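One file, structure_13.tsv, is given below (TSV, C-alpha atoms (C1' of nucleotides)).
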chain	number	residue	atom	x	y	z
G	105	MET	CA	-8.94	32.71	-40.87
G	106	ASP	CA	-8.79	36.02	-39.13
G	107	THR	CA	-9.58	35.42	-35.52
G	108	LYS	CA	-8.95	38.86	-34.08
G	109	ARG	CA	-12.61	39.65	-33.53
G	110	LEU	CA	-13.36	36.17	-32.26
G	111	LYS	CA	-10.54	36.38	-29.76
G	112	GLU	CA	-11.86	39.67	-28.44
G	113	GLU	CA	-15.25	38.11	-27.92
G	114	PHE	CA	-13.63	35.16	-26.21
G	115	VAL	CA	-11.78	37.52	-23.88
G	116	ASP	CA	-15.10	39.15	-22.97
G	117	PHE	CA	-16.62	35.74	-22.41
G	118	LEU	CA	-13.78	34.73	-20.11
G	119	LYS	CA	-14.05	37.95	-18.13
G	120	LYS	CA	-17.77	37.54	-17.76
G	121	HIS	CA	-17.28	34.04	-16.41
G	122	HIS	CA	-14.47	35.08	-14.07
G	123	GLN	CA	-11.93	32.99	-15.86
G	124	LYS	CA	-8.42	33.97	-16.66
G	125	ILE	CA	-7.19	35.13	-20.01
G	126	THR	CA	-4.21	33.00	-20.81
G	127	LYS	CA	-1.92	32.56	-23.75
G	128	SER	CA	-2.94	28.89	-24.10
G	129	ARG	CA	-6.58	29.70	-24.36
G	130	LEU	CA	-6.23	32.41	-26.93
G	131	GLU	CA	-3.76	30.51	-29.03
G	132	LEU	CA	-5.81	27.35	-28.90
G	133	LEU	CA	-8.76	29.28	-30.26
G	134	ASP	CA	-6.52	30.53	-33.02
G	135	ILE	CA	-5.14	27.10	-33.86
G	136	ILE	CA	-8.54	25.45	-33.85
G	137	ALA	CA	-10.04	28.16	-36.01
G	138	ASN	CA	-7.36	27.48	-38.58
G	139	TYR	CA	-7.35	23.72	-38.25
G	140	LYS	CA	-9.80	21.42	-39.99
G	141	LYS	CA	-13.39	22.31	-39.57
G	142	HIS	CA	-14.23	18.81	-38.39
G	143	PHE	CA	-11.81	17.09	-36.10
G	144	GLU	CA	-11.33	14.51	-33.40
G	145	ILE	CA	-9.67	15.65	-30.21
G	146	GLU	CA	-6.82	13.15	-30.22
G	147	GLU	CA	-5.93	14.13	-33.75
G	148	LEU	CA	-5.85	17.76	-32.66
G	149	VAL	CA	-3.73	16.92	-29.64
G	150	THR	CA	-1.20	15.15	-31.83
G	151	TYR	CA	-1.14	18.06	-34.25
G	152	ILE	CA	-0.66	20.66	-31.56
G	153	GLN	CA	2.01	18.77	-29.73
G	154	ARG	CA	3.93	17.96	-32.88
G	155	THR	CA	3.90	21.44	-34.31
G	156	LYS	CA	3.57	23.94	-31.51
G	157	LYS	CA	4.14	22.27	-28.15
G	158	LEU	CA	1.66	24.80	-26.88
G	159	ALA	CA	-0.53	22.94	-24.45
G	160	SER	CA	-0.92	19.58	-22.80
G	161	ARG	CA	-3.65	17.09	-23.56
G	162	ALA	CA	-5.41	18.09	-20.33
G	163	THR	CA	-5.41	21.76	-21.22
G	164	ILE	CA	-6.66	21.03	-24.70
G	165	TYR	CA	-9.56	19.01	-23.34
G	166	ARG	CA	-10.34	21.69	-20.80
G	167	THR	CA	-10.13	24.47	-23.34
G	168	ILE	CA	-12.40	22.65	-25.76
G	169	LYS	CA	-15.04	22.49	-23.06
G	170	LEU	CA	-14.66	26.21	-22.59
G	171	LEU	CA	-14.96	26.82	-26.30
G	172	MET	CA	-18.10	24.72	-26.38
G	173	ASP	CA	-19.58	26.91	-23.67
G	174	PHE	CA	-18.41	29.93	-25.58
G	175	GLY	CA	-20.26	28.46	-28.54
G	176	VAL	CA	-17.71	28.14	-31.31
G	177	ILE	CA	-17.24	24.39	-31.03
G	178	LYS	CA	-20.01	21.87	-31.31
G	179	GLU	CA	-19.88	18.14	-31.10
G	180	ILE	CA	-21.43	16.20	-33.90
G	181	ILE	CA	-21.24	12.51	-33.54
G	182	LYS	CA	-20.59	9.87	-36.06
G	183	GLN	CA	-20.80	6.17	-35.85
G	184	ASN	CA	-18.19	3.95	-34.21
G	185	ASN	CA	-18.13	5.84	-30.96
G	186	LYS	CA	-15.99	8.47	-32.52
G	187	THR	CA	-16.82	12.00	-31.55
G	188	ILE	CA	-16.24	14.56	-34.22
G	189	TYR	CA	-16.07	18.16	-33.16
G	190	GLU	CA	-16.79	21.05	-35.42
G	191	PHE	CA	-15.43	24.53	-35.29
G	192	CYS	CA	-18.35	26.70	-36.05
G	193	PRO	CA	-18.34	30.41	-35.29
G	194	SER	CA	-21.74	31.44	-34.16
G	195	GLU	CA	-23.44	32.94	-37.19
G	196	SER	CA	-23.34	29.86	-39.29
G	197	HIS	CA	-25.59	27.15	-37.97
G	198	HIS	CA	-26.21	24.26	-40.30
G	199	ASP	CA	-26.86	20.54	-40.32
G	200	HIS	CA	-25.08	17.54	-41.81
G	201	LEU	CA	-25.30	14.79	-44.35
G	202	ILE	CA	-22.81	12.13	-43.34
G	203	CYS	CA	-21.62	9.51	-45.78
G	204	THR	CA	-21.23	6.21	-43.95
G	205	SER	CA	-18.95	4.88	-46.66
G	206	CYS	CA	-16.32	7.59	-47.16
G	207	ASN	CA	-17.11	9.62	-44.02
G	208	LYS	CA	-17.55	12.80	-46.01
G	209	ILE	CA	-19.57	15.49	-44.25
G	210	ILE	CA	-21.83	17.70	-46.33
G	211	GLU	CA	-23.35	20.77	-44.72
G	212	PHE	CA	-26.78	22.11	-45.42
G	213	LEU	CA	-29.23	24.55	-44.00
G	214	ASN	CA	-32.96	24.54	-44.52
G	215	GLU	CA	-34.90	27.42	-43.09
G	216	ASP	CA	-38.18	25.56	-43.23
G	217	ILE	CA	-36.84	22.80	-41.04
G	218	GLU	CA	-35.51	25.37	-38.61
G	219	LYS	CA	-38.91	27.01	-38.42
G	220	LEU	CA	-40.72	23.73	-37.92
G	221	GLN	CA	-38.41	22.94	-35.05
G	222	GLU	CA	-39.31	26.17	-33.36
G	223	GLU	CA	-42.96	25.29	-33.67
G	224	ILE	CA	-42.40	21.88	-32.16
G	225	CYS	CA	-40.61	23.44	-29.22
G	226	LYS	CA	-43.42	25.89	-28.73
G	227	SER	CA	-46.02	23.17	-28.69
G	228	HIS	CA	-44.05	21.31	-26.01
G	229	LYS	CA	-43.26	24.53	-24.11
G	230	PHE	CA	-39.64	23.55	-24.57
G	231	LEU	CA	-36.98	26.26	-24.53
G	232	PRO	CA	-34.37	25.24	-27.08
G	233	THR	CA	-30.74	26.22	-26.84
G	234	HIS	CA	-29.36	24.36	-29.83
G	235	HIS	CA	-29.96	21.36	-31.99
G	236	ARG	CA	-28.30	18.86	-34.22
G	237	LEU	CA	-29.65	17.13	-37.28
G	238	GLU	CA	-27.60	14.42	-38.91
G	239	ILE	CA	-28.66	12.43	-41.92
G	240	PHE	CA	-26.65	9.29	-42.53
G	241	GLY	CA	-26.40	7.51	-45.85
G	242	LEU	CA	-24.37	7.31	-49.03
G	243	CYS	CA	-23.08	10.31	-50.93
G	244	LYS	CA	-23.37	10.63	-54.67
G	245	GLU	CA	-19.86	9.37	-55.34
G	246	CYS	CA	-20.09	6.35	-53.06
G	247	GLN	CA	-23.36	5.30	-54.63
G	248	LYS	CA	-21.55	5.20	-57.95
G	249	LYS	CA	-18.58	3.34	-56.52
G	250	LEU	CA	-20.88	0.77	-54.99
G	251	HIS	CA	-22.93	0.51	-58.18
G	252	ILE	CA	-26.15	1.56	-56.56
G	253	LYS	CA	-28.73	2.53	-59.13
G	254	GLU	CA	-30.81	5.66	-58.62
G	255	LYS	CA	-34.48	5.07	-58.31
D	146	MET	CA	-43.51	-6.31	-24.68
D	147	ASP	CA	-44.19	-9.27	-26.89
D	148	THR	CA	-41.06	-9.98	-28.82
D	149	LYS	CA	-42.03	-13.17	-30.61
D	150	ARG	CA	-42.38	-11.55	-33.99
D	151	LEU	CA	-39.28	-9.44	-33.51
D	152	LYS	CA	-37.26	-12.49	-32.59
D	153	GLU	CA	-38.40	-14.28	-35.71
D	154	GLU	CA	-37.27	-11.35	-37.79
D	155	PHE	CA	-33.97	-11.30	-35.96
D	156	VAL	CA	-33.51	-15.01	-36.71
D	157	ASP	CA	-34.07	-14.28	-40.40
D	158	PHE	CA	-31.63	-11.42	-40.22
D	159	LEU	CA	-28.99	-13.63	-38.63
D	160	LYS	CA	-29.48	-16.35	-41.24
D	161	LYS	CA	-29.24	-13.84	-44.05
D	162	HIS	CA	-25.97	-12.57	-42.66
D	163	HIS	CA	-24.58	-16.05	-42.05
D	164	GLN	CA	-24.46	-15.62	-38.34
D	165	LYS	CA	-25.41	-18.15	-35.77
D	166	ILE	CA	-28.63	-18.19	-33.85
D	167	THR	CA	-27.70	-18.42	-30.22
D	168	LYS	CA	-29.53	-18.32	-26.95
D	169	SER	CA	-27.60	-15.22	-25.86
D	170	ARG	CA	-28.56	-13.26	-28.91
D	171	LEU	CA	-32.24	-14.04	-28.74
D	172	GLU	CA	-32.50	-13.50	-25.03
D	173	LEU	CA	-30.59	-10.27	-25.17
D	174	LEU	CA	-33.07	-8.98	-27.72
D	175	ASP	CA	-35.83	-9.97	-25.34
D	176	ILE	CA	-34.23	-8.34	-22.32
D	177	ILE	CA	-33.44	-5.13	-24.14
D	178	ALA	CA	-36.94	-4.91	-25.57
D	179	ASN	CA	-38.30	-5.06	-22.05
D	180	TYR	CA	-35.70	-2.85	-20.45
D	181	LYS	CA	-35.79	0.92	-20.47
D	182	LYS	CA	-36.29	2.51	-23.81
D	183	HIS	CA	-33.24	4.71	-23.35
D	184	PHE	CA	-30.20	3.23	-21.74
D	185	GLU	CA	-26.46	3.36	-21.40
D	186	ILE	CA	-24.55	0.18	-22.09
D	187	GLU	CA	-22.81	-0.09	-18.75
D	188	GLU	CA	-26.10	0.28	-16.94
D	189	LEU	CA	-27.51	-2.53	-19.07
D	190	VAL	CA	-24.47	-4.70	-18.41
D	191	THR	CA	-24.89	-4.25	-14.68
D	192	TYR	CA	-28.58	-5.06	-14.90
D	193	ILE	CA	-28.08	-8.19	-16.96
D	194	GLN	CA	-25.29	-9.52	-14.85
D	195	ARG	CA	-27.08	-8.86	-11.62
D	196	THR	CA	-30.38	-10.40	-12.60
D	197	LYS	CA	-29.79	-12.99	-15.26
D	198	LYS	CA	-26.11	-13.80	-15.54
D	199	LEU	CA	-26.85	-14.35	-19.19
D	200	ALA	CA	-23.96	-12.85	-21.08
D	201	SER	CA	-20.61	-11.22	-20.55
D	202	ARG	CA	-19.86	-7.60	-21.15
D	203	ALA	CA	-18.09	-8.50	-24.39
D	204	THR	CA	-21.09	-10.41	-25.70
D	205	ILE	CA	-23.41	-7.60	-24.76
D	206	TYR	CA	-21.32	-5.07	-26.63
D	207	ARG	CA	-21.07	-7.39	-29.63
D	208	THR	CA	-24.78	-8.12	-29.62
D	209	ILE	CA	-25.70	-4.48	-29.41
D	210	LYS	CA	-23.71	-3.87	-32.57
D	211	LEU	CA	-25.64	-6.65	-34.22
D	212	LEU	CA	-28.92	-5.19	-33.05
D	213	MET	CA	-27.91	-1.83	-34.42
D	214	ASP	CA	-27.29	-3.44	-37.80
D	215	PHE	CA	-30.59	-5.23	-37.46
D	216	GLY	CA	-32.09	-1.83	-36.85
D	217	VAL	CA	-33.84	-2.04	-33.50
D	218	ILE	CA	-31.25	-0.12	-31.56
D	219	LYS	CA	-30.09	3.37	-32.37
D	220	GLU	CA	-27.60	5.54	-30.65
D	221	ILE	CA	-28.64	8.99	-29.68
D	222	ILE	CA	-26.06	11.04	-27.96
D	223	LYS	CA	-26.33	13.42	-25.13
D	224	GLN	CA	-23.85	15.78	-23.71
D	225	ASN	CA	-21.02	14.78	-21.39
D	226	ASN	CA	-19.67	12.15	-23.73
D	227	LYS	CA	-22.34	9.76	-22.60
D	228	THR	CA	-23.85	7.62	-25.27
D	229	ILE	CA	-27.48	6.83	-24.81
D	230	TYR	CA	-28.91	3.97	-26.80
D	231	GLU	CA	-32.51	3.63	-27.68
D	232	PHE	CA	-34.50	0.49	-28.31
D	233	CYS	CA	-36.67	1.38	-31.20
D	234	PRO	CA	-38.42	-1.28	-33.26
D	235	SER	CA	-38.49	-0.24	-36.84
D	236	GLU	CA	-41.94	1.24	-37.39
D	237	SER	CA	-41.60	4.00	-34.90
D	238	HIS	CA	-39.07	6.55	-36.01
D	239	HIS	CA	-39.09	9.80	-34.11
D	240	ASP	CA	-36.82	12.57	-32.93
D	241	HIS	CA	-35.91	13.99	-29.54
D	242	LEU	CA	-36.16	17.00	-27.32
D	243	ILE	CA	-33.51	16.63	-24.64
D	244	CYS	CA	-33.62	18.63	-21.44
D	245	THR	CA	-30.11	19.64	-20.46
D	246	SER	CA	-31.18	20.24	-16.88
D	247	CYS	CA	-33.06	17.09	-15.86
D	248	ASN	CA	-31.99	14.90	-18.82
D	249	LYS	CA	-35.55	14.07	-19.71
D	250	ILE	CA	-36.05	12.87	-23.27
D	251	ILE	CA	-39.24	13.85	-25.06
D	252	GLU	CA	-40.07	12.17	-28.35
D	253	PHE	CA	-41.73	13.81	-31.28
D	254	LEU	CA	-42.39	13.19	-34.91
D	255	ASN	CA	-43.06	15.81	-37.52
D	256	GLU	CA	-43.92	14.60	-40.98
D	257	ASP	CA	-43.11	17.91	-42.59
D	258	ILE	CA	-39.59	17.79	-41.28
D	259	GLU	CA	-39.24	14.23	-42.52
D	260	LYS	CA	-40.38	15.29	-45.98
D	261	LEU	CA	-38.08	18.26	-46.10
D	262	GLN	CA	-35.19	15.98	-45.25
D	263	GLU	CA	-36.01	13.77	-48.19
D	264	GLU	CA	-35.97	16.78	-50.45
D	265	ILE	CA	-32.61	17.88	-49.16
D	266	CYS	CA	-31.20	14.42	-49.82
D	267	LYS	CA	-32.60	14.44	-53.32
D	268	SER	CA	-31.06	17.78	-54.10
D	269	HIS	CA	-27.66	16.48	-52.95
D	270	LYS	CA	-28.19	13.10	-54.65
D	271	PHE	CA	-27.63	11.64	-51.21
D	272	LEU	CA	-29.11	8.24	-50.39
D	273	PRO	CA	-30.23	8.38	-46.76
D	274	THR	CA	-30.37	5.35	-44.51
D	275	HIS	CA	-31.38	7.02	-41.26
D	276	HIS	CA	-31.17	10.26	-39.41
D	277	ARG	CA	-31.16	11.78	-35.99
D	278	LEU	CA	-32.52	15.12	-34.88
D	279	GLU	CA	-31.91	16.27	-31.36
D	280	ILE	CA	-33.05	19.54	-29.92
D	281	PHE	CA	-31.40	20.50	-26.65
D	282	GLY	CA	-32.81	22.93	-24.17
D	283	LEU	CA	-34.98	23.22	-21.08
D	284	CYS	CA	-38.22	21.35	-20.59
D	285	LYS	CA	-41.34	23.02	-19.27
D	286	GLU	CA	-40.78	21.86	-15.69
D	287	CYS	CA	-37.14	22.89	-15.54
D	288	GLN	CA	-37.95	26.34	-16.86
D	289	LYS	CA	-40.32	26.74	-13.92
D	290	LYS	CA	-37.80	25.38	-11.45
D	291	LEU	CA	-35.18	27.75	-12.75
D	292	HIS	CA	-37.67	30.64	-12.76
D	293	ILE	CA	-37.31	31.33	-16.42
D	294	LYS	CA	-40.09	33.50	-17.67
D	295	GLU	CA	-41.85	32.64	-20.88
D	296	LYS	CA	-41.59	35.24	-23.55
C	244	DT	C1'	-0.62	38.03	-2.79
C	245	DT	C1'	-4.38	35.21	-4.00
C	246	DC	C1'	-6.66	32.48	-6.89
C	247	DT	C1'	-6.92	30.01	-11.02
C	248	DA	C1'	-4.61	27.56	-15.02
C	249	DT	C1'	-1.37	24.29	-16.42
C	250	DG	C1'	1.35	19.95	-16.87
C	251	DC	C1'	2.09	15.58	-15.58
C	252	DA	C1'	1.05	11.18	-14.60
C	253	DA	C1'	-2.20	8.35	-12.75
C	254	DA	C1'	-6.94	6.97	-12.69
C	255	DA	C1'	-11.41	6.41	-14.53
C	256	DA	C1'	-14.56	5.27	-17.95
C	257	DT	C1'	-15.71	3.11	-22.09
C	258	DT	C1'	-14.98	-0.16	-25.73
C	259	DT	C1'	-12.32	-3.67	-28.26
C	260	DT	C1'	-9.57	-7.81	-28.82
C	261	DG	C1'	-6.74	-12.34	-28.53
C	262	DC	C1'	-7.21	-16.66	-27.31
C	263	DA	C1'	-8.93	-20.87	-25.24
C	264	DT	C1'	-13.18	-23.19	-24.94
C	265	DG	C1'	-18.04	-23.99	-25.94
C	266	DT	C1'	-21.87	-24.29	-29.16
C	267	DC	C1'	-24.41	-24.22	-33.58
C	268	DG	C1'	-25.21	-26.08	-38.10
A	261	DC	C1'	-16.41	-31.99	-37.60
A	262	DG	C1'	-15.66	-27.17	-38.83
A	263	DA	C1'	-16.84	-22.56	-38.19
A	264	DC	C1'	-18.28	-19.20	-35.46
A	265	DA	C1'	-19.81	-17.35	-30.62
A	266	DT	C1'	-18.58	-16.71	-25.99
A	267	DG	C1'	-16.04	-15.51	-21.65
A	268	DC	C1'	-12.25	-13.81	-19.65
A	269	DA	C1'	-8.79	-10.80	-18.86
A	270	DA	C1'	-5.84	-7.79	-20.88
A	271	DA	C1'	-5.31	-3.97	-23.92
A	272	DA	C1'	-6.70	0.01	-26.29
A	273	DT	C1'	-9.08	4.28	-26.42
A	274	DT	C1'	-10.91	8.32	-24.68
A	275	DT	C1'	-11.56	11.54	-21.02
A	276	DT	C1'	-11.04	13.20	-16.27
A	277	DT	C1'	-8.62	14.33	-12.06
A	278	DG	C1'	-5.28	15.28	-8.01
A	279	DC	C1'	-1.60	17.72	-6.98
A	280	DA	C1'	2.51	20.52	-7.35
A	281	DT	C1'	3.99	24.49	-9.78
A	282	DA	C1'	3.44	28.50	-12.87
A	283	DG	C1'	1.07	32.47	-14.17
A	284	DA	C1'	-2.77	36.04	-14.20
A	285	DA	C1'	-5.36	39.61	-11.61

Translate this file's structure into structure tokens.
Amino acid sequence: MDTKRLKEEFVDFLKKHHQKITKSRLELLDIIANYKKHFEIEELVTYIQRTKKLASRATIYRTIKLLMDFGVIKEIIKQNNKTIYEFCPSESHHDHLICTSCNKIIEFLNEDIEKLQEEICKSHKFLPTHHRLEIFGLCKECQKKLHIKEK
Amino acid sequence: MDTKRLKEEFVDFLKKHHQKITKSRLELLDIIANYKKHFEIEELVTYIQRTKKLASRATIYRTIKLLMDFGVIKEIIKQNNKTIYEFCPSESHHDHLICTSCNKIIEFLNEDIEKLQEEICKSHKFLPTHHRLEIFGLCKECQKKLHIKEK
DNA sequence: TTCTATGCAAAAATTTTGCATGTCG
DNA sequence: CGACATGCAAAATTTTTGCATAGAA
């Protein structure tokens, strides 16, 4: 993935928030953008420390928080107290179908649902910043594996 | 809350899953049903151990897993890596508006959104078991406090 | 030069587990 | 009686933090 543009925006973001522009921060953005789309932090820490020796666990945690504020990382949660993070550059919001058997994550976007959410917020005078919709269940393949008949 | 019926169903559930019916399990269901609707586990542990001395932390954690399988507890997550659990007897599914300033949780249910979700699952041949929709933002009161003008 | 970021290791917070003992069926 | 549940404390997991040092503005 080409992250040149994204890095520039991140630099602006850091300046605006009076934070320093460091090698770690920019390279972490780069690494994460080119790593798996969905990841757990510890897995990422292991990967980074094995391959690049770029940043410590503490810095990775701290930078991920920054990147969440910046808006390119979101947390989506799955069962078992595991937190899965998603790299998600801003344009492409979407929601998730999560298979509880094979842990596959399927993305979808439905404009009607998005619109309905806006209406709900309006009716509660709630000012939304972001949202998360997760549907848990069994994917097509796992239904077959488990011999579940379609209705 | 009257939990007689719920307890009977829980007993059936335990039998069906070849698990034992114990005092701890039944009383924990009772306590949780009458505790706050939204809670963190540690807070619950403290409460139970202060007031009733009924079960150990380990048993509480284990029983909550059981109750999640049984279906009366769901986990909804909020920011800051805190996991909020919700007691939610089966009939009353709903989703959440979560205020990121005062942490208030507002429940809502929108049938159209529910229907659209079913359609999405169908089109992916996905067999849903449950879902979770969380909209984060600022509640009416916090917008006022923070002097945010309505559009 | 000044202030913030980083690394390290220790601490905190949260959840799970092994094992001896108690309880249910 | 046999199998499973419980309590305890220890371990595992995940995340945060204090402080000395390095690096950016």

Exercise. Considering all atoms listed in the file, extract the chain G residues located within 9 Å of chain C and return them as a ChimeraX atom specification.
Key: /G:123-124,126,159-163,185

Self-check item: Contact set, chain A to chain G: 10 Å, all atoms listed in the file, as a list in words
Solution: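 For chain A, the answer reads DT273, DT274, DT275, DT276, DT277, DG283, DA284 and DA285 of chain A.
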
Self-check item: Check: which chain G residues lie within 6 Å of chain D using all atoms listed in the file, as a list of chain:residue names
Solution: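 Applying the cut-off to the listed atoms yields G:Ile217, G:Lys229, G:Phe230, G:Leu231, G:Pro232, G:Thr233, G:His234, G:His235, G:Arg236, G:Leu237, G:Glu238, G:Ile239, G:Phe240, G:Gly241, G:Leu242, G:Cys243, G:Lys244.
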
Where does chain G end up after superposition onto chain D over all in-order Cα pairs? Give it as a compact mmCIF listing (two decimals) with C-alpha atoms, in the frame of the given file.
# COMPACT_ATOMS: atom_id res chain seq x y z
CA MET G 105 -43.46 -6.28 -24.58
CA ASP G 106 -44.18 -9.23 -26.77
CA THR G 107 -41.07 -9.95 -28.73
CA LYS G 108 -42.07 -13.16 -30.47
CA ARG G 109 -42.43 -11.56 -33.89
CA LEU G 110 -39.32 -9.46 -33.44
CA LYS G 111 -37.30 -12.51 -32.50
CA GLU G 112 -38.45 -14.32 -35.62
CA GLU G 113 -37.34 -11.40 -37.73
CA PHE G 114 -34.03 -11.35 -35.91
CA VAL G 115 -33.57 -15.05 -36.63
CA ASP G 116 -34.15 -14.35 -40.33
CA PHE G 117 -31.69 -11.49 -40.18
CA LEU G 118 -29.05 -13.69 -38.59
CA LYS G 119 -29.57 -16.42 -41.16
CA LYS G 120 -29.32 -13.96 -43.99
CA HIS G 121 -26.04 -12.67 -42.62
CA HIS G 122 -24.66 -16.16 -42.00
CA GLN G 123 -24.53 -15.67 -38.29
CA LYS G 124 -25.48 -18.18 -35.69
CA ILE G 125 -28.70 -18.20 -33.77
CA THR G 126 -27.75 -18.41 -30.15
CA LYS G 127 -29.56 -18.29 -26.87
CA SER G 128 -27.61 -15.17 -25.81
CA ARG G 129 -28.61 -13.24 -28.85
CA LEU G 130 -32.27 -14.02 -28.66
CA GLU G 131 -32.50 -13.47 -24.95
CA LEU G 132 -30.58 -10.24 -25.13
CA LEU G 133 -33.08 -8.96 -27.66
CA ASP G 134 -35.82 -9.95 -25.27
CA ILE G 135 -34.20 -8.30 -22.26
CA ILE G 136 -33.43 -5.10 -24.12
CA ALA G 137 -36.92 -4.88 -25.53
CA ASN G 138 -38.27 -5.02 -22.01
CA TYR G 139 -35.65 -2.82 -20.42
CA LYS G 140 -35.74 0.97 -20.46
CA LYS G 141 -36.26 2.51 -23.81
CA HIS G 142 -33.22 4.72 -23.38
CA PHE G 143 -30.17 3.24 -21.77
CA GLU G 144 -26.42 3.35 -21.44
CA ILE G 145 -24.54 0.16 -22.13
CA GLU G 146 -22.75 -0.09 -18.80
CA GLU G 147 -26.02 0.30 -16.97
CA LEU G 148 -27.46 -2.52 -19.07
CA VAL G 149 -24.43 -4.69 -18.42
CA THR G 150 -24.81 -4.22 -14.69
CA TYR G 151 -28.50 -5.01 -14.88
CA ILE G 152 -28.02 -8.14 -16.92
CA GLN G 153 -25.20 -9.48 -14.84
CA ARG G 154 -26.98 -8.79 -11.57
CA THR G 155 -30.27 -10.32 -12.55
CA LYS G 156 -29.71 -12.93 -15.21
CA LYS G 157 -26.01 -13.74 -15.52
CA LEU G 158 -26.82 -14.31 -19.16
CA ALA G 159 -23.94 -12.82 -21.08
CA SER G 160 -20.59 -11.20 -20.58
CA ARG G 161 -19.82 -7.55 -21.19
CA ALA G 162 -18.09 -8.49 -24.45
CA THR G 163 -21.09 -10.40 -25.73
CA ILE G 164 -23.42 -7.60 -24.78
CA TYR G 165 -21.33 -5.08 -26.69
CA ARG G 166 -21.11 -7.40 -29.66
CA THR G 167 -24.81 -8.15 -29.63
CA ILE G 168 -25.72 -4.48 -29.44
CA LYS G 169 -23.74 -3.89 -32.61
CA LEU G 170 -25.68 -6.68 -34.23
CA LEU G 171 -28.96 -5.22 -33.07
CA MET G 172 -27.95 -1.86 -34.47
CA ASP G 173 -27.35 -3.50 -37.83
CA PHE G 174 -30.63 -5.29 -37.46
CA GLY G 175 -32.15 -1.87 -36.86
CA VAL G 176 -33.88 -2.06 -33.51
CA ILE G 177 -31.27 -0.13 -31.56
CA LYS G 178 -30.12 3.34 -32.40
CA GLU G 179 -27.61 5.51 -30.69
CA ILE G 180 -28.67 8.96 -29.72
CA ILE G 181 -26.06 11.00 -28.04
CA LYS G 182 -26.30 13.36 -25.20
CA GLN G 183 -23.82 15.72 -23.76
CA ASN G 184 -20.95 14.72 -21.48
CA ASN G 185 -19.62 12.05 -23.77
CA LYS G 186 -22.31 9.73 -22.63
CA THR G 187 -23.85 7.61 -25.32
CA ILE G 188 -27.48 6.82 -24.85
CA TYR G 189 -28.91 3.98 -26.85
CA GLU G 190 -32.53 3.63 -27.70
CA PHE G 191 -34.51 0.52 -28.32
CA CYS G 192 -36.70 1.36 -31.20
CA PRO G 193 -38.44 -1.32 -33.24
CA SER G 194 -38.48 -0.29 -36.83
CA GLU G 195 -41.91 1.20 -37.45
CA SER G 196 -41.59 4.00 -35.01
CA HIS G 197 -39.04 6.55 -36.09
CA HIS G 198 -39.07 9.80 -34.18
CA ASP G 199 -36.80 12.56 -32.97
CA HIS G 200 -35.92 13.97 -29.56
CA LEU G 201 -36.18 16.97 -27.32
CA ILE G 202 -33.53 16.60 -24.65
CA CYS G 203 -33.67 18.57 -21.43
CA THR G 204 -30.15 19.58 -20.45
CA SER G 205 -31.23 20.16 -16.87
CA CYS G 206 -33.11 17.00 -15.87
CA ASN G 207 -32.02 14.84 -18.83
CA LYS G 208 -35.59 14.01 -19.72
CA ILE G 209 -36.08 12.82 -23.30
CA ILE G 210 -39.26 13.81 -25.10
CA GLU G 211 -40.07 12.13 -28.40
CA PHE G 212 -41.73 13.79 -31.32
CA LEU G 213 -42.36 13.19 -34.96
CA ASN G 214 -43.05 15.81 -37.57
CA GLU G 215 -43.91 14.61 -41.02
CA ASP G 216 -43.11 17.93 -42.62
CA ILE G 217 -39.57 17.83 -41.32
CA GLU G 218 -39.20 14.29 -42.57
CA LYS G 219 -40.36 15.35 -46.01
CA LEU G 220 -38.05 18.34 -46.12
CA GLN G 221 -35.15 16.08 -45.29
CA GLU G 222 -35.95 13.88 -48.22
CA GLU G 223 -35.92 16.90 -50.47
CA ILE G 224 -32.57 18.01 -49.16
CA CYS G 225 -31.13 14.58 -49.83
CA LYS G 226 -32.52 14.62 -53.33
CA SER G 227 -30.98 17.97 -54.09
CA HIS G 228 -27.58 16.69 -52.94
CA LYS G 229 -28.08 13.31 -54.67
CA PHE G 230 -27.53 11.82 -51.24
CA LEU G 231 -28.99 8.41 -50.46
CA PRO G 232 -30.11 8.51 -46.85
CA THR G 233 -30.26 5.47 -44.63
CA HIS G 234 -31.29 7.09 -41.37
CA HIS G 235 -31.12 10.32 -39.48
CA ARG G 236 -31.14 11.82 -36.05
CA LEU G 237 -32.53 15.13 -34.91
CA GLU G 238 -31.92 16.25 -31.36
CA ILE G 239 -33.08 19.51 -29.90
CA PHE G 240 -31.42 20.47 -26.65
CA GLY G 241 -32.85 22.91 -24.14
CA LEU G 242 -35.02 23.15 -21.06
CA CYS G 243 -38.27 21.29 -20.59
CA LYS G 244 -41.39 22.94 -19.27
CA GLU G 245 -40.84 21.79 -15.70
CA CYS G 246 -37.19 22.82 -15.53
CA GLN G 247 -38.01 26.26 -16.84
CA LYS G 248 -40.37 26.65 -13.91
CA LYS G 249 -37.85 25.28 -11.43
CA LEU G 250 -35.24 27.68 -12.70
CA HIS G 251 -37.70 30.57 -12.71
CA ILE G 252 -37.37 31.25 -16.39
CA LYS G 253 -40.17 33.43 -17.65
CA GLU G 254 -41.91 32.57 -20.90
CA LYS G 255 -41.59 35.14 -23.58

Self-check item: Residue contacts of Met146 in chain D (12 Å, only C-alpha atoms (C1' of nucleotides)) excluding same-chain residues fewer than 2 positions away, as a list in words
Solution: Thr148, Lys149, Arg150, Leu151, Lys152, Leu174, Asp175, Ile176, Ile177, Ala178, Asn179, Tyr180, Lys181, Lys182, Phe232 and Pro234 of chain D

Quiz prompt | Å distance separating CA of Lys161 in chain D from CA of Ser205 in chain G, one decimal place | solution =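 Distance between the two atoms: 21.5 Å.
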
Return the padded bounding box of range 244-259 of chain C as JSON: axis-aligned, built from all atoms listed in the file, 4 Å added on each side, with centre and edge lengths in Å to one decimal.
{"center_x": -6.8, "center_y": 17.2, "center_z": -15.5, "size_x": 25.8, "size_y": 49.7, "size_z": 33.5}
